[in-house]
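**Student:** To be precise about what I am sending: the file is called query-v4.txt and holds compact mmCIF, C-alpha atoms.
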# COMPACT_ATOMS: atom_id res chain seq x y z
CA MET Y 18 11.12 0.53 3.32
CA PHE Y 19 9.98 3.79 1.75
CA ILE Y 20 6.26 3.01 1.90
CA VAL Y 21 6.43 2.69 5.70
CA PHE Y 22 8.05 6.12 5.90
CA ALA Y 23 5.56 7.66 3.45
CA LEU Y 24 2.46 6.22 5.12
CA ASN Y 25 3.76 7.13 8.55
CA LEU Y 26 4.11 10.74 7.41
CA VAL Y 27 0.53 11.01 6.17
CA THR Y 28 -1.38 8.75 8.60
CA ARG Y 29 0.66 8.99 11.83
CA HIS Y 30 0.69 5.18 12.21
CA VAL Y 31 1.36 2.24 9.93
CA ASN Y 32 0.26 -1.38 9.90
CA MET Y 33 -0.69 -3.95 7.26
CA VAL Y 34 -4.28 -2.69 7.24
CA LYS Y 35 -2.99 0.77 6.25
CA PHE Y 36 -1.00 -0.72 3.37
CA ILE Y 37 -4.07 -2.53 2.06
CA GLN Y 38 -6.24 0.52 2.65
CA ALA Y 39 -3.70 2.72 0.81
CA TRP Y 40 -3.83 0.48 -2.27
CA THR Y 41 -7.63 0.19 -2.22
CA LEU Y 42 -8.14 3.94 -1.88
CA PHE Y 43 -5.48 4.63 -4.52
CA LYS Y 44 -7.27 2.40 -7.04
CA GLU Y 45 -10.52 4.25 -6.29
CA GLU Y 46 -8.76 7.65 -6.60
CA ARG Y 47 -9.60 8.40 -2.96
CA SER Y 48 -6.10 8.41 -1.45
CA LEU Y 49 -6.67 11.63 0.50
CA GLU Y 50 -9.08 9.72 2.75
CA LEU Y 51 -6.02 7.93 4.13
CA VAL Y 52 -4.41 11.15 5.35
CA ASP Y 53 -4.56 12.28 8.96
CA PRO Y 54 -7.11 15.15 9.17
CA TYR Y 55 -4.68 17.37 11.07
CA LEU Y 56 -2.16 17.06 8.25
CA LEU Y 57 -4.71 17.87 5.55
CA ASP Y 58 -5.15 21.37 6.96
CA SER Y 59 -1.52 22.30 6.32
CA ALA Y 60 -0.37 19.95 3.56
CA ASN Y 61 -0.46 20.41 -0.19
CA PRO Y 62 -2.88 17.69 -1.39
CA SER Y 63 -1.04 17.13 -4.67
CA GLU Y 64 2.24 16.55 -2.78
CA VAL Y 65 0.54 14.11 -0.41
CA LEU Y 66 -1.02 12.21 -3.31
CA ARG Y 67 2.37 12.07 -5.02
CA LEU Y 68 4.01 10.74 -1.84
CA ILE Y 69 1.41 7.96 -1.54
CA HIS Y 70 1.74 7.10 -5.24
CA VAL Y 71 5.55 6.90 -5.03
CA GLY Y 72 5.28 4.80 -1.89
CA LEU Y 73 3.01 2.34 -3.67
CA LEU Y 74 5.41 2.18 -6.61
CA CYS Y 75 8.07 1.00 -4.14
CA VAL Y 76 6.10 -2.09 -3.09
CA GLN Y 77 4.87 -3.38 -6.44
CA GLN Y 78 4.64 -7.14 -6.64
CA CYS Y 79 7.31 -7.46 -9.34
CA PRO Y 80 10.67 -6.19 -8.03
CA ASP Y 81 11.66 -5.08 -11.54
CA ASP Y 82 8.73 -2.62 -11.51
CA ARG Y 83 9.96 -0.91 -8.32
CA PRO Y 84 11.89 2.37 -8.74
CA SER Y 85 15.44 2.87 -7.51
CA MET Y 86 15.99 5.38 -4.71
CA ALA Y 87 17.46 7.81 -7.26
CA SER Y 88 14.20 7.53 -9.21
CA VAL Y 89 12.19 8.00 -6.01
CA VAL Y 90 14.04 11.26 -5.30
CA ALA Y 91 13.39 12.46 -8.87
CA MET Y 92 9.72 11.50 -8.54
CA LEU Y 93 9.35 13.39 -5.28
CA ASP Y 94 11.05 16.45 -6.81
CA ASN Y 95 8.39 16.45 -9.57
CA GLU Y 96 11.12 15.84 -12.15
CA VAL Y 97 9.35 12.90 -13.80
CA VAL Y 98 5.82 11.79 -14.61
CA LEU Y 99 4.78 8.99 -12.29
CA PRO Y 100 4.13 5.63 -13.94
CA PRO Y 101 0.94 3.81 -12.98
CA ALA Y 102 1.27 1.72 -9.85
CA ASN Y 103 0.71 -2.02 -10.14
CA GLN Y 104 -0.67 -4.26 -7.43
CA PRO Y 105 1.56 -4.36 -4.33
CA GLY Y 106 3.17 -7.62 -3.32
CA PHE Y 107 1.30 -7.70 -0.01
CA PHE Y 108 -2.19 -7.26 -1.48
CA THR Y 109 -4.76 -9.95 -2.11
CA GLU Y 110 -8.28 -9.44 -3.45
CA ARG Y 111 -9.68 -12.29 -1.39
CA ASP Y 112 -9.96 -12.42 2.38
CA VAL Y 113 -7.81 -15.36 3.47
CA PHE Y 114 -8.86 -14.81 7.09
CA ALA Y 115 -12.54 -15.45 6.30
CA VAL Y 116 -11.91 -19.12 5.44
CA LYS Y 117 -12.54 -21.17 8.60
CA SER Y 118 -12.78 -24.64 7.12
CA THR Y 119 -11.17 -27.73 8.63
CA THR Y 120 -11.36 -29.60 5.35
CA ARG Y 121 -8.48 -29.69 2.91
CA CYS Y 122 -8.86 -27.08 0.21
CA SER Y 123 -5.57 -27.47 -1.55
CA PHE Y 124 -4.99 -29.78 -4.48
CA ASN Y 125 -1.21 -29.44 -4.26
CA GLU Y 126 -0.90 -29.82 -0.46
CA VAL Y 127 0.30 -26.20 -0.06
CA THR Y 128 -1.06 -24.51 3.05
CA ILE Y 129 -1.83 -20.92 3.93
CA THR Y 130 -0.82 -19.78 7.38
CA GLN Y 131 -3.46 -17.76 9.19
CA LEU Y 132 -1.87 -14.74 10.87
CA GLU Y 133 -3.23 -13.35 14.11
CA ALA Y 134 -2.41 -9.95 15.59
CA ARG Y 135 -0.81 -9.75 19.00
Now that the file is in, can you turn its structure into structure tokens?
**Tutor:**
Amino acid sequence: MFIVFALNLVTRHVNMVKFIQAWTLFKEERSLELVDPYLLDSANPSEVLRLIHVGLLCVQQCPDDRPSMASVVAMLDNEVVLPPANQPGFFTERDVFAVKSTTRCSFNEVTITQLEAR
């Protein structure tokens, strides 16, 4: 997955929190806050921002909105203008982990599994 590679390059470690943080900071036009400080000293900020943007394009919720790898290469070579990124498939605006109710909340009997880190 390209986003894992891209985020690993700029942050030095990747987990789901980094994915969510990348999207949140991107929406707020603060993506450089995601970058490892040691990398910022030697990296071109516009290239780093482009890498993050392309990575987020690769995980858009609708698969039809995701670029092909040929398009990714063209985007990274500055050959094309980047389209706006849409919400990633892994992102949710609400905090599903904050709900600690034992009562049924679903009208259609669908459940949400609460994930816990190891």
**Student:** Work out how far atom CA of Gln78 of chain Y is from atom CA of Pro62 of chain Y, in Å to one decimal.
**Tutor:**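 Those two atoms sit 26.5 Å apart.
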**Student:** For each of Y:Asn95, Y:Ser85, Y:Asn61, Y:Asn103, take the minimum atom-to-atom distance to Trp40 of chain Y, counting all atoms listed in the file, then give the residue where this is smallest.
**Tutor:**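 The closest residue to Trp40 of chain Y is Y:Asn103.
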**Student:** Just to confirm, what's the straight-line distance from atom CA of Ala102 of chain Y to atom CA of Ala39 of chain Y in Å (one decimal)?
**Tutor:**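 If I compute the distance from atom CA of Ala102 of chain Y to atom CA of Ala39 of chain Y, I get 11.8 Å.
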**Student:** Can you tell me how far atom CA of Val52 of chain Y sits from atom CA of Lys35 of chain Y, in Å to one decimal?
**Tutor:**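 Rounded to one decimal, the two atoms are 10.5 Å apart.
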**Student:** Show me the residues close to (12.4, 3.7, -6.4) - anything with an atom within 12 Å, counting all atoms listed in the file - and format the list as a compact mmCIF listing (two decimals) with C-alpha atoms, keeping the file's coordinate frame.
**Tutor:**
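The resulting file, part.txt, is shown below:
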# COMPACT_ATOMS: atom_id res chain seq x y z
CA MET Y 18 11.12 0.53 3.32
CA PHE Y 19 9.98 3.79 1.75
CA ILE Y 20 6.26 3.01 1.90
CA LEU Y 68 4.01 10.74 -1.84
CA HIS Y 70 1.74 7.10 -5.24
CA VAL Y 71 5.55 6.90 -5.03
CA GLY Y 72 5.28 4.80 -1.89
CA LEU Y 73 3.01 2.34 -3.67
CA LEU Y 74 5.41 2.18 -6.61
CA CYS Y 75 8.07 1.00 -4.14
CA VAL Y 76 6.10 -2.09 -3.09
CA GLN Y 77 4.87 -3.38 -6.44
CA PRO Y 80 10.67 -6.19 -8.03
CA ASP Y 81 11.66 -5.08 -11.54
CA ASP Y 82 8.73 -2.62 -11.51
CA ARG Y 83 9.96 -0.91 -8.32
CA PRO Y 84 11.89 2.37 -8.74
CA SER Y 85 15.44 2.87 -7.51
CA MET Y 86 15.99 5.38 -4.71
CA ALA Y 87 17.46 7.81 -7.26
CA SER Y 88 14.20 7.53 -9.21
CA VAL Y 89 12.19 8.00 -6.01
CA VAL Y 90 14.04 11.26 -5.30
CA ALA Y 91 13.39 12.46 -8.87
CA MET Y 92 9.72 11.50 -8.54
CA LEU Y 93 9.35 13.39 -5.28
CA LEU Y 99 4.78 8.99 -12.29
CA PRO Y 100 4.13 5.63 -13.94
CA ALA Y 102 1.27 1.72 -9.85
**Student:** Padding of 8 Å on every side, edges along x, y and z, all listed atoms of segment 88-96 of chain Y included: what centre and edge lengths in Å, to one decimal, does that box have, as lines of an AutoDock Vina configuration file?
**Tutor:**
center_x = 11.3
center_y = 12.0
center_z = -8.7
size_x = 21.8
size_y = 24.9
size_z = 22.9
**Student:** What lies within 12 Å of Glu50 of chain Y using all atoms listed in the file, ignoring chain neighbours under 2 positions off, as a list in words?
**Tutor:**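 Here the answer would be Val27, Thr28, Lys35, Gln38, Ala39, Trp40, Thr41, Leu42, Phe43, Glu45, Glu46, Arg47, Ser48, Val52, Asp53, Pro54, Leu56, Leu57, Pro62, Val65, Leu66 and Ile69 of chain Y.
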**Student:** Rank nothing, just name the residue among Y:Glu96, Y:Ile37, Y:Arg67, Y:Gly106 nearest to Leu49 of chain Y, using all atoms listed in the file.
**Tutor:**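 That would be Y:Arg67, the residue with the smallest distance to Leu49 of chain Y.
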